[in-house]
file my_file-v3.cif (mmCIF, C-alpha atoms and all ligand atoms)
data_upload
#
loop_
_atom_site.label_atom_id
_atom_site.label_comp_id
_atom_site.auth_asym_id
_atom_site.auth_seq_id
_atom_site.Cartn_x
_atom_site.Cartn_y
_atom_site.Cartn_z
CA MET A 31 48.02 72.09 7.74
CA GLN A 32 50.60 74.83 7.74
CA ASN A 33 53.53 74.87 5.37
CA LEU A 34 56.15 77.12 6.88
CA SER A 35 58.16 77.44 3.72
CA ARG A 36 56.74 79.64 0.97
CA LEU A 37 57.94 77.19 -1.65
CA PRO A 38 55.78 74.39 -2.99
CA LEU A 39 56.68 70.99 -1.55
CA ARG A 40 58.09 68.07 -3.48
CA CYS A 41 58.34 65.53 -0.68
CA TRP A 42 56.83 65.89 2.78
CA ALA A 43 55.38 64.04 5.73
CA GLU A 44 51.99 64.79 7.23
CA ILE A 45 51.72 64.22 10.96
CA ASP A 46 48.29 64.07 12.49
CA LEU A 47 48.68 65.14 16.10
CA ALA A 48 44.98 64.79 16.84
CA VAL A 49 45.20 61.11 15.88
CA LEU A 50 48.31 60.77 18.05
CA GLU A 51 46.41 62.12 21.04
CA ARG A 52 43.46 59.84 20.36
CA ASN A 53 45.85 56.87 20.05
CA LEU A 54 47.25 57.56 23.51
CA HIS A 55 43.73 57.58 24.94
CA LEU A 56 42.83 54.37 23.09
CA ILE A 57 45.96 52.61 24.34
CA ARG A 58 45.27 53.75 27.89
CA ALA A 59 41.69 52.56 27.65
CA SER A 60 42.92 49.10 26.62
CA LEU A 61 45.12 48.81 29.71
CA PRO A 62 44.30 48.29 33.38
CA PRO A 63 43.67 51.72 34.91
CA HIS A 64 46.71 51.69 37.18
CA MET A 65 49.16 51.34 34.25
CA ARG A 66 51.26 54.44 33.76
CA TYR A 67 52.07 55.53 30.26
CA VAL A 68 55.73 56.00 29.37
CA ALA A 69 55.81 57.75 26.00
CA VAL A 70 58.90 56.70 24.04
CA VAL A 71 59.93 59.62 21.86
CA LYS A 72 63.51 58.73 20.94
CA ALA A 73 64.89 59.38 17.44
CA ASP A 74 62.93 62.60 16.97
CA ALA A 75 59.78 60.82 18.13
CA TYR A 76 60.26 58.10 15.52
CA GLY A 77 60.75 60.74 12.84
CA HIS A 78 57.47 62.50 13.70
CA GLY A 79 59.25 65.51 15.22
CA LEU A 80 60.08 65.63 18.93
CA PRO A 81 58.79 69.06 19.97
CA GLN A 82 55.38 68.78 18.33
CA THR A 83 54.88 65.13 19.26
CA ALA A 84 56.00 65.48 22.85
CA ALA A 85 53.93 68.61 23.44
CA ARG A 86 50.85 66.80 22.23
CA LEU A 87 51.60 63.71 24.32
CA MET A 88 52.01 65.94 27.38
CA HIS A 89 48.63 67.44 26.63
CA ALA A 90 47.21 63.92 26.23
CA GLY A 91 48.50 62.97 29.66
CA ALA A 92 51.60 60.82 29.29
CA ASP A 93 53.10 60.06 32.71
CA LEU A 94 56.77 59.86 31.80
CA PHE A 95 58.87 60.35 28.68
CA ALA A 96 61.66 58.06 27.52
CA VAL A 97 64.43 59.14 25.17
CA ALA A 98 67.63 57.55 23.97
CA ASN A 99 70.20 60.22 24.66
CA LEU A 100 71.10 63.49 26.31
CA ALA A 101 70.52 65.70 23.28
CA GLU A 102 66.96 64.37 23.04
CA ALA A 103 66.47 64.80 26.76
CA ALA A 104 67.72 68.39 26.62
CA ALA A 105 65.35 69.19 23.74
CA LEU A 106 62.47 67.64 25.65
CA ARG A 107 63.36 69.50 28.83
CA GLU A 108 62.89 72.79 26.98
CA ILE A 109 59.34 71.81 26.06
CA GLY A 110 58.32 70.39 29.39
CA PRO A 111 59.97 71.91 32.42
CA GLY A 112 59.34 69.55 35.32
CA TRP A 113 58.16 66.66 33.18
CA PRO A 114 59.85 63.37 34.18
CA ILE A 115 62.30 62.08 31.55
CA LEU A 116 63.92 58.66 31.55
CA LEU A 117 67.15 58.18 29.61
CA LEU A 118 67.08 54.70 28.12
CA SER A 119 70.69 54.54 26.96
CA PRO A 120 73.75 54.56 29.21
CA LEU A 121 75.56 57.79 29.94
CA LEU A 122 79.09 58.34 28.77
CA PRO A 123 81.36 59.46 31.59
CA ASP A 124 81.63 63.01 30.26
CA GLU A 125 77.83 63.23 30.10
CA ASP A 126 77.16 62.31 33.74
CA ARG A 127 76.79 65.81 35.15
CA TYR A 128 74.02 66.75 32.73
CA VAL A 129 71.70 64.29 34.43
CA ALA A 130 71.57 66.69 37.36
CA GLU A 131 71.56 69.79 35.18
CA TYR A 132 68.53 68.63 33.17
CA ASP A 133 66.91 66.79 36.05
CA LEU A 134 66.78 63.42 34.27
CA THR A 135 66.21 59.88 35.44
CA ALA A 136 69.06 57.58 34.40
CA THR A 137 69.02 53.90 33.52
CA VAL A 138 71.64 51.87 35.40
CA SER A 139 73.06 48.49 34.43
CA THR A 140 76.47 48.48 36.13
CA SER A 141 78.24 49.24 39.42
CA ASP A 142 80.34 51.81 37.61
CA GLU A 143 77.23 53.80 36.68
CA VAL A 144 75.93 53.68 40.26
CA ARG A 145 79.26 55.03 41.57
CA ARG A 146 79.41 57.77 38.95
CA LEU A 147 75.82 58.90 39.55
CA ASP A 148 76.40 58.91 43.31
CA THR A 149 79.24 61.37 42.69
CA VAL A 150 77.01 63.51 40.46
CA GLY A 151 74.29 63.54 43.13
CA ARG A 152 76.76 64.43 45.88
CA THR A 153 78.06 67.36 43.81
CA ALA A 154 74.51 68.51 43.02
CA GLY A 155 73.47 68.14 46.63
CA ARG A 156 70.47 65.95 45.83
CA PRO A 157 69.95 62.33 44.85
CA ILE A 158 69.84 61.25 41.19
CA GLN A 159 66.81 59.18 40.29
CA VAL A 160 67.51 55.91 38.53
CA HIS A 161 65.66 52.99 37.02
CA LEU A 162 67.47 49.71 37.51
CA LYS A 163 67.49 47.80 34.26
CA ILE A 164 67.61 44.01 34.31
CA ASP A 165 68.83 41.97 31.35
CA THR A 166 66.44 39.01 31.20
CA GLY A 167 67.57 37.80 27.80
CA MET A 168 67.96 40.77 25.49
CA GLY A 169 71.74 40.67 25.88
CA ARG A 170 72.10 44.42 25.60
CA LEU A 171 71.62 46.87 28.49
CA GLY A 172 70.80 45.94 32.06
CA VAL A 173 72.44 43.91 34.79
CA TRP A 174 72.30 40.18 34.04
CA HIS A 175 69.22 38.96 35.89
CA GLU A 176 71.14 36.49 38.05
CA GLU A 177 73.28 39.36 39.36
CA THR A 178 70.47 41.79 40.19
CA GLU A 179 70.73 41.56 44.00
CA LYS A 180 74.30 42.81 44.03
CA LEU A 181 73.59 45.91 41.95
CA TYR A 182 70.40 46.55 43.91
CA ALA A 183 72.41 46.50 47.16
CA GLU A 184 74.89 48.95 45.65
CA ILE A 185 72.08 51.33 44.73
CA LEU A 186 70.66 51.13 48.25
CA ALA A 187 74.09 51.82 49.66
CA ALA A 188 74.64 54.89 47.46
CA PRO A 189 73.26 57.89 49.38
CA PHE A 190 72.93 60.10 46.33
CA VAL A 191 71.24 57.55 44.09
CA LYS A 192 67.52 57.03 44.46
CA LEU A 193 65.78 54.00 42.98
CA ALA A 194 62.63 55.16 41.16
CA GLY A 195 61.97 52.20 38.88
CA VAL A 196 62.90 48.72 37.73
CA PHE A 197 62.55 47.44 34.20
CA THR A 198 63.53 44.97 31.54
CA HIS A 199 63.23 44.81 27.76
CA PHE A 200 61.95 41.97 25.61
CA SER A 201 63.97 40.64 22.70
CA SER A 202 61.17 38.90 20.77
CA PRO A 203 57.78 40.09 22.00
CA ASP A 204 56.37 40.03 18.48
CA ASP A 205 57.19 36.45 17.62
CA ASP A 206 58.16 34.39 20.65
CA PRO A 207 55.57 34.52 23.44
CA ALA A 208 57.24 31.61 25.24
CA PHE A 209 60.55 33.43 25.52
CA THR A 210 58.74 36.63 26.49
CA ALA A 211 57.05 34.70 29.30
CA GLU A 212 60.45 33.37 30.34
CA GLN A 213 61.80 36.93 30.42
CA ARG A 214 58.89 37.99 32.64
CA ARG A 215 59.63 35.07 34.99
CA ARG A 216 63.32 35.97 35.18
CA PHE A 217 62.43 39.59 35.89
CA LEU A 218 59.99 38.74 38.67
CA SER A 219 62.33 36.22 40.21
CA ALA A 220 65.19 38.75 40.16
CA LEU A 221 62.95 41.30 41.89
CA ALA A 222 61.84 38.74 44.45
CA ARG A 223 65.49 38.31 45.47
CA CYS A 224 65.88 42.03 46.28
CA PRO A 225 65.10 42.47 49.96
CA GLY A 226 62.91 45.40 50.93
CA LEU A 227 61.95 46.30 47.37
CA GLU A 228 58.63 48.17 47.51
CA LEU A 229 57.36 47.64 43.98
CA SER A 230 54.23 49.72 44.49
CA GLN A 231 56.49 52.73 45.14
CA LEU A 232 58.38 52.26 41.87
CA PHE A 233 57.82 52.32 38.14
CA VAL A 234 57.82 48.61 37.24
CA HIS A 235 57.87 48.10 33.49
CA ALA A 236 58.72 45.67 30.73
CA ASP A 237 56.29 46.14 27.90
CA ASN A 238 56.93 47.97 24.67
CA SER A 239 54.15 48.01 22.06
CA ALA A 240 54.44 44.33 21.16
CA GLY A 241 54.71 43.33 24.81
CA LEU A 242 51.15 44.53 25.41
CA GLU A 243 49.90 41.43 23.62
CA THR A 244 51.03 39.25 26.51
CA LEU A 245 50.70 41.71 29.38
CA GLU A 246 48.56 40.37 32.19
CA ALA A 247 46.76 42.63 34.60
CA ALA A 248 47.91 40.55 37.56
CA GLY A 249 51.50 41.05 38.63
CA PRO A 250 53.57 44.01 39.70
CA PHE A 251 53.81 45.74 36.32
CA ASN A 252 52.46 49.26 36.63
CA ALA A 253 53.83 51.03 33.53
CA VAL A 254 54.23 50.41 29.80
CA ARG A 255 56.74 51.96 27.40
CA ILE A 256 54.97 52.78 24.18
CA GLY A 257 56.68 53.85 20.98
CA LEU A 258 55.35 52.43 17.73
CA LEU A 259 51.74 51.80 18.73
CA GLN A 260 51.09 55.41 19.71
CA PHE A 261 51.94 56.32 16.12
CA GLY A 262 49.21 53.94 15.02
CA ILE A 263 51.47 51.22 13.72
CA LEU A 264 51.16 47.59 14.74
CA PRO A 265 54.34 45.74 15.67
CA ARG A 266 53.37 42.82 13.46
CA ARG A 267 50.68 41.68 11.08
CA GLU A 268 47.62 40.08 12.67
CA SER A 269 48.58 41.65 15.96
CA LEU A 270 46.04 41.37 18.77
CA LEU A 271 46.62 45.08 19.13
CA THR A 272 44.33 45.78 16.15
CA GLN A 273 41.69 45.82 18.89
CA VAL A 274 43.17 49.02 20.26
CA ARG A 275 42.14 50.73 17.00
CA ALA A 276 45.06 53.11 16.98
CA GLU A 277 45.37 54.83 13.60
CA PRO A 278 48.40 55.97 11.62
CA VAL A 279 49.73 59.40 12.48
CA PHE A 280 52.26 59.62 9.68
CA SER A 281 51.86 59.83 5.90
CA PHE A 282 54.63 60.33 3.39
CA LYS A 283 53.96 62.13 0.11
CA THR A 284 55.67 63.35 -3.00
CA ARG A 285 54.73 64.63 -6.44
CA VAL A 286 55.02 63.84 -10.09
CA GLY A 287 57.93 65.62 -11.76
CA ILE A 288 57.49 64.59 -15.37
CA VAL A 289 55.39 62.05 -17.26
CA LYS A 290 56.64 60.41 -20.42
CA LYS A 291 56.11 57.47 -22.70
CA LEU A 292 58.95 55.02 -23.36
CA PRO A 293 59.13 52.14 -25.83
CA ALA A 294 59.16 48.48 -24.80
CA GLY A 295 62.72 47.25 -24.25
CA THR A 296 63.90 50.47 -22.58
CA ALA A 297 65.87 49.95 -19.37
CA ILE A 298 65.01 52.16 -16.40
CA SER A 299 67.38 53.94 -14.00
CA TYR A 300 70.87 53.17 -12.71
CA GLY A 301 72.20 49.70 -13.38
CA ARG A 302 69.38 49.00 -15.85
CA THR A 303 67.73 46.57 -13.44
CA HIS A 304 64.29 46.84 -15.04
CA THR A 305 63.47 46.58 -18.73
CA LEU A 306 60.05 47.68 -19.95
CA LYS A 307 58.00 44.80 -21.33
CA ARG A 308 55.49 47.05 -23.04
CA GLU A 309 55.26 50.62 -24.14
CA THR A 310 55.05 52.34 -20.78
CA THR A 311 54.07 55.70 -19.40
CA ILE A 312 56.37 56.49 -16.54
CA ALA A 313 56.07 59.18 -13.90
CA VAL A 314 59.30 60.45 -12.41
CA LEU A 315 58.52 61.31 -8.79
CA THR A 316 60.34 64.07 -6.94
CA ALA A 317 61.64 61.96 -4.04
CA GLY A 318 64.31 59.31 -3.62
CA TYR A 319 66.59 57.85 -1.01
CA GLY A 320 67.72 61.40 -0.22
CA ASP A 321 64.26 61.79 1.27
CA GLY A 322 63.85 58.37 2.83
CA ILE A 323 62.55 56.04 0.15
CA PRO A 324 64.99 53.19 0.80
CA ARG A 325 67.01 51.96 -2.13
CA ALA A 326 65.75 48.50 -1.20
CA ALA A 327 62.33 49.64 -2.46
CA SER A 328 63.77 49.51 -6.00
CA ASN A 329 61.68 47.28 -8.28
CA ARG A 330 59.54 46.22 -5.29
CA ALA A 331 57.50 48.94 -3.64
CA GLN A 332 54.29 50.48 -4.92
CA ILE A 333 53.34 54.14 -4.72
CA LEU A 334 49.86 55.63 -5.08
CA VAL A 335 49.18 57.96 -7.98
CA GLY A 336 45.58 58.94 -8.71
CA GLY A 337 44.51 56.56 -5.93
CA SER A 338 46.01 53.55 -7.77
CA ARG A 339 49.03 51.44 -6.94
CA CYS A 340 51.95 52.04 -9.28
CA PRO A 341 54.98 49.76 -9.21
CA VAL A 342 58.41 51.31 -8.70
CA LEU A 343 60.48 50.66 -11.81
CA GLY A 344 64.24 50.21 -11.54
CA ARG A 345 66.43 51.64 -8.84
CA VAL A 346 65.35 54.38 -6.50
CA THR A 347 67.82 57.24 -6.96
CA MET A 348 68.78 60.03 -4.60
CA ASP A 349 66.21 62.56 -5.76
CA GLN A 350 63.88 60.66 -8.05
CA THR A 351 61.84 57.48 -8.12
CA ILE A 352 60.23 56.14 -11.27
CA VAL A 353 56.80 54.51 -11.32
CA ASP A 354 54.64 52.93 -13.99
CA VAL A 355 51.49 54.98 -14.60
CA THR A 356 50.52 53.44 -17.94
CA ASP A 357 47.12 52.34 -16.66
CA ILE A 358 46.24 55.58 -14.93
CA PRO A 359 44.75 58.18 -17.24
CA GLY A 360 45.56 61.84 -16.96
CA VAL A 361 48.61 61.81 -14.70
CA ALA A 362 50.36 65.17 -14.95
CA SER A 363 53.34 67.02 -13.60
CA GLY A 364 52.58 68.35 -10.13
CA ASP A 365 50.18 65.56 -9.13
CA GLU A 366 50.47 64.22 -5.62
CA ALA A 367 51.83 60.72 -5.07
CA VAL A 368 51.52 58.83 -1.79
CA ILE A 369 54.38 56.67 -0.55
CA VAL A 370 52.74 55.86 2.79
CA GLY A 371 49.13 56.73 3.51
CA ARG A 372 45.84 57.05 1.70
CA GLN A 373 44.84 58.47 -1.62
CA GLY A 374 41.33 58.02 -2.97
CA ASP A 375 40.43 54.39 -2.37
CA GLY A 376 44.07 53.36 -2.18
CA GLU A 377 46.12 52.86 0.94
CA ILE A 378 49.72 51.81 1.47
CA SER A 379 50.49 51.16 5.09
CA LEU A 380 53.83 51.85 6.67
CA ALA A 381 54.05 48.11 7.37
CA GLU A 382 53.54 47.27 3.70
CA PHE A 383 55.97 49.90 2.48
CA SER A 384 58.57 48.75 5.03
CA HIS A 385 58.11 45.13 4.03
CA SER A 386 58.61 45.95 0.37
CA SER A 387 61.75 47.88 1.32
CA ASP A 388 63.15 44.94 3.27
CA THR A 389 62.94 46.70 6.58
CA ILE A 390 60.73 47.34 9.60
CA PRO A 391 58.43 50.31 10.32
CA TRP A 392 60.76 51.62 13.05
CA GLU A 393 63.62 51.92 10.57
CA THR A 394 61.46 53.40 7.80
CA LEU A 395 60.37 56.20 10.12
CA CYS A 396 63.95 56.86 11.21
CA SER A 397 65.06 57.01 7.58
CA VAL A 398 62.88 59.95 6.55
CA THR A 399 65.52 62.61 6.13
CA LYS A 400 65.93 66.21 7.18
CA ARG A 401 65.12 67.32 3.65
CA VAL A 402 61.52 66.29 4.25
CA PRO A 403 59.38 68.94 5.97
CA ARG A 404 56.86 67.65 8.49
CA LEU A 405 53.44 69.27 8.26
CA TYR A 406 51.29 69.07 11.36
CA LYS A 407 47.59 68.61 11.54
CA THR A 408 46.35 69.51 14.99
CA GLN A 409 42.59 68.95 14.93
CA LEU A 410 40.53 65.89 14.18
CA GLY A 411 38.77 66.04 10.83
CA LEU A 412 35.00 65.81 10.78
C1 LIG A 501 62.32 51.97 21.70
C2 LIG A 501 62.03 51.31 23.00
C3 LIG A 501 60.71 51.07 23.40
C4 LIG A 501 59.50 51.31 22.52
O1 LIG A 501 59.33 50.21 21.67
P1 LIG A 501 58.11 50.11 20.62
O2 LIG A 501 58.24 48.74 20.08
O3 LIG A 501 58.36 51.15 19.57
O4 LIG A 501 56.86 50.35 21.38
C5 LIG A 501 60.50 50.55 24.66
N1 LIG A 501 61.54 50.27 25.48
C6 LIG A 501 62.83 50.48 25.11
C7 LIG A 501 63.92 50.14 26.06
C8 LIG A 501 63.11 50.99 23.86
O5 LIG A 501 64.39 51.17 23.51
#
call {"tool": "encode", "arguments": {"input": "my_file-v3.cif", "output": "structure tokens"}}
result
Amino acid sequence: MQNLSRLPLRCWAEIDLAVLERNLHLIRASLPPHMRYVAVVKADAYGHGLPQTAARLMHAGADLFAVANLAEAAALREIGPGWPILLLSPLLPDEDRYVAEYDLTATVSTSDEVRRLDTVGRTAGRPIQVHLKIDTGMGRLGVWHEETEKLYAEILAAPFVKLAGVFTHFSSPDDDPAFTAEQRRRFLSALARCPGLELSQLFVHADNSAGLETLEAAGPFNAVRIGLLQFGILPRRESLLTQVRAEPVFSFKTRVGIVKKLPAGTAISYGRTHTLKRETTIAVLTAGYGDGIPRAASNRAQILVGGSRCPVLGRVTMDQTIVDVTDIPGVASGDEAVIVGRQGDGEISLAEFSHSSDTIPWETLCSVTKRVPRLYKTQLGL
């Protein structure tokens, strides 16, 4: 694993691109063969690093990439000339023309967007590809499902807008299968009301990682939009998707700054929220919320030192986090500590760490800051 800086590291993430590639193959293998794979790489590929992640997913054979915004799309375009890119978020009016410049596929939810993109296409002299998004109960982007026909007709009537896909997004795929089924019904019924729609010619998609649990082979769906699962993280505990056997791509590590013994009764860190009950050996780790250990992990999370779980004592601070290493012999300055990942026989999953920081894996990954170098492993270990 290369470390581009000459300096020793005090907090870093390790990204295993070989595992990422294998995850894509495992997810594909778990799906009907006609399903196309839309790799969702928004937010710097969920904190894993867009250029490295996307290049590997291209190599692994993703069919289409999805990003949130223009800056991400532009960065991706540099890596993959010609690769299809879907913008998931709406364009701002002063961004419209870049859709043509970067050859992107836009998501449309409103008549206004159809009109604007038609103008962009006319100026560019070629049609702009769009995916029509249908709001089946997420209450965010998309045309409200009962109004789909009207927007569909407007797209058909716009000579410089070309329909390339139709999709929806689930609000509760991880905990409400009944509502997810209702969203699928609304989606299919909206499509059925669009005359002349040739679904086999389009990308037809609804499922994110959690959606896969209730995806049925029958039906017009022919693509899935995968974010979290390709990084080896399950959308919920006890997920049926354990069967896919995707493995974590990301680990998050830091080191021991100093070790010292403190008497019982000493309060630890800002606000004195933890008081030692016994004489305690603490290790002050060289990472804090300035690196992406959420402050909500204070007094709750555990971090691996010497392969053992060590409770976080007191508040996480910007640059340091304090753990109890009393029961671990021989801990010394410079030792590695694992916030997320494996060490010896110990393992702290991203799900566990997120739970003990009062958040979800998606947010934990997005919270790892710029200060944290990402080291890339490119080949599978033996
Ligand atoms: C982020 C996103 C996804 C990917 O979701 P995961 O749960 O990470 O798989 C899919 N679709 C849309 C519209 C998204 O915004």
call {"tool": "closest_residue", "arguments": {"input": "my_file-v3.cif", "among": "A:Arg58, A:Arg52, A:Lys307, A:Arg127", "to": "Ala253 (chain A)", "atoms": "all atoms listed in the file"}}
result
A:Arg58
call {"tool": "axis_aligned_box", "arguments": {"input": "my_file-v3.cif", "around": "ligand LIG 501 (chain A)", "padding_each_side": "3 Å", "output": "JSON"}}
result
{"center_x": 60.6, "center_y": 50.4, "center_z": 22.8, "size_x": 13.5, "size_y": 9.2, "size_z": 12.5}
call {"tool": "residues_near_ligand", "arguments": {"input": "my_file-v3.cif", "ligand": "ligand LIG 501 (chain A)", "cutoff": "7 Å", "atoms": "all atoms listed in the file", "output": "ChimeraX atom specification"}}
result
/A:70,72,118,199,237-240,255-259,265,392
call {"tool": "atom_distance", "arguments": {"input": "my_file-v3.cif", "atom1": "CA of Asp133 (chain A)", "atom2": "CA of Met168 (chain A)"}}
result
28.1 Å
call {"tool": "atom_distance", "arguments": {"input": "my_file-v3.cif", "atom1": "CA of Leu292 (chain A)", "atom2": "CA of Asp388 (chain A)"}}
result
28.8 Å
call {"tool": "residues_around", "arguments": {"input": "my_file-v3.cif", "residues": "Ile164 (chain A)", "least_positions_apart": "3", "cutoff": "6 Å", "atoms": "only C-alpha atoms", "output": "ChimeraX atom specification"}}
result
/A:172-173,175,198
call {"tool": "closest_atom_pairs", "arguments": {"input": "my_file-v3.cif", "of": "region 176-252 of chain A", "to": "region 137-152 of chain A", "cutoff": "12 Å", "atoms": "only C-alpha atoms", "output": "CSV"}}
result
residue,atom,partner,partner_atom,distance
A:Glu177,CA,A:Thr140,CA,10.2
A:Thr178,CA,A:Ser139,CA,9.2
A:Glu179,CA,A:Ser141,CA,11.7
A:Lys180,CA,A:Ser141,CA,8.8
A:Leu181,CA,A:Ser141,CA,6.3
A:Tyr182,CA,A:Ser141,CA,9.4
A:Ala183,CA,A:Ser141,CA,10.1
A:Glu184,CA,A:Ser141,CA,7.1
A:Ile185,CA,A:Val144,CA,6.4
A:Leu186,CA,A:Val144,CA,9.9
A:Ala187,CA,A:Val144,CA,9.8
A:Ala188,CA,A:Asp148,CA,6.0
A:Pro189,CA,A:Asp148,CA,6.9
A:Phe190,CA,A:Asp148,CA,4.8
A:Val191,CA,A:Asp148,CA,5.4
A:Lys192,CA,A:Asp148,CA,9.1
A:Leu193,CA,A:Val138,CA,9.8
A:Ala194,CA,A:Thr137,CA,10.0
A:Gly195,CA,A:Thr137,CA,9.0
A:Val196,CA,A:Thr137,CA,9.1
A:Phe197,CA,A:Thr137,CA,9.2
A:Thr198,CA,A:Ser139,CA,10.6
call {"tool": "atom_distance", "arguments": {"input": "my_file-v3.cif", "atom1": "CA of Tyr300 (chain A)", "atom2": "CA of Gly77 (chain A)"}}
result
28.5 Å
call {"tool": "residues_near_point", "arguments": {"input": "my_file-v3.cif", "point": "(44.1, 57.3, 23.5)", "cutoff": "10 Å", "atoms": "all atoms listed in the file", "output": "list of chain:residue names"}}
result
A:Val49, A:Leu50, A:Glu51, A:Arg52, A:Asn53, A:Leu54, A:His55, A:Leu56, A:Ile57, A:Arg58, A:Ala59, A:Ser60, A:Leu87, A:Ala90, A:Gly91, A:Gln260, A:Val274, A:Arg275, A:Ala276
call {"tool": "write_last_selection", "arguments": {"input": "my_file-v3.cif", "atoms": "C-alpha atoms", "output": "JSON list (two decimals), in the coordinates of the input"}}
result
[["chain", "number", "residue", "atom", "x", "y", "z"],
["A", 49, "VAL", "CA", 45.20, 61.11, 15.88],
["A", 50, "LEU", "CA", 48.31, 60.77, 18.05],
["A", 51, "GLU", "CA", 46.41, 62.12, 21.04],
["A", 52, "ARG", "CA", 43.46, 59.84, 20.36],
["A", 53, "ASN", "CA", 45.85, 56.87, 20.05],
["A", 54, "LEU", "CA", 47.25, 57.56, 23.51],
["A", 55, "HIS", "CA", 43.73, 57.58, 24.94],
["A", 56, "LEU", "CA", 42.83, 54.37, 23.09],
["A", 57, "ILE", "CA", 45.96, 52.61, 24.34],
["A", 58, "ARG", "CA", 45.27, 53.75, 27.89],
["A", 59, "ALA", "CA", 41.69, 52.56, 27.65],
["A", 60, "SER", "CA", 42.92, 49.10, 26.62],
["A", 87, "LEU", "CA", 51.60, 63.71, 24.32],
["A", 90, "ALA", "CA", 47.21, 63.92, 26.23],
["A", 91, "GLY", "CA", 48.50, 62.97, 29.66],
["A", 260, "GLN", "CA", 51.09, 55.41, 19.71],
["A", 274, "VAL", "CA", 43.17, 49.02, 20.26],
["A", 275, "ARG", "CA", 42.14, 50.73, 17.00],
["A", 276, "ALA", "CA", 45.06, 53.11, 16.98]]
call {"tool": "closest_residue", "arguments": {"input": "my_file-v3.cif", "among": "A:Glu377, A:Glu228, A:Glu102, A:Asp46", "to": "Ala73 (chain A)", "atoms": "only C-alpha atoms"}}
result
A:Glu102
call {"tool": "residues_around", "arguments": {"input": "my_file-v3.cif", "residues": "Val254 (chain A)", "least_positions_apart": "2", "cutoff": "8 Å", "atoms": "all atoms listed in the file", "output": "list in words"}}
result
Met65, Arg66, Tyr67, Val68, His235, Ala236, Asp237, Asn238, Leu242, Asn252 and Ile256 of chain A
call {"tool": "residues_near_point", "arguments": {"input": "my_file-v3.cif", "point": "(58.0, 59.4, 14.6)", "cutoff": "12 Å", "atoms": "all atoms listed in the file", "output": "PyMOL selection string"}}
result
chain A and resi 43-47+50+69-84+257-263+278-282+380+391-399+404
call {"tool": "residues_around", "arguments": {"input": "my_file-v3.cif", "residues": "Asp349 (chain A)", "least_positions_apart": "5", "cutoff": "9 Å", "atoms": "all atoms listed in the file", "output": "compact mmCIF listing (two decimals) with C-alpha atoms, keeping the file's coordinate frame"}}
result
# COMPACT_ATOMS: atom_id res chain seq x y z
CA LEU A 315 58.52 61.31 -8.79
CA THR A 316 60.34 64.07 -6.94
CA ALA A 317 61.64 61.96 -4.04
CA GLY A 318 64.31 59.31 -3.62
CA TYR A 319 66.59 57.85 -1.01
CA GLY A 320 67.72 61.40 -0.22
CA ASP A 321 64.26 61.79 1.27
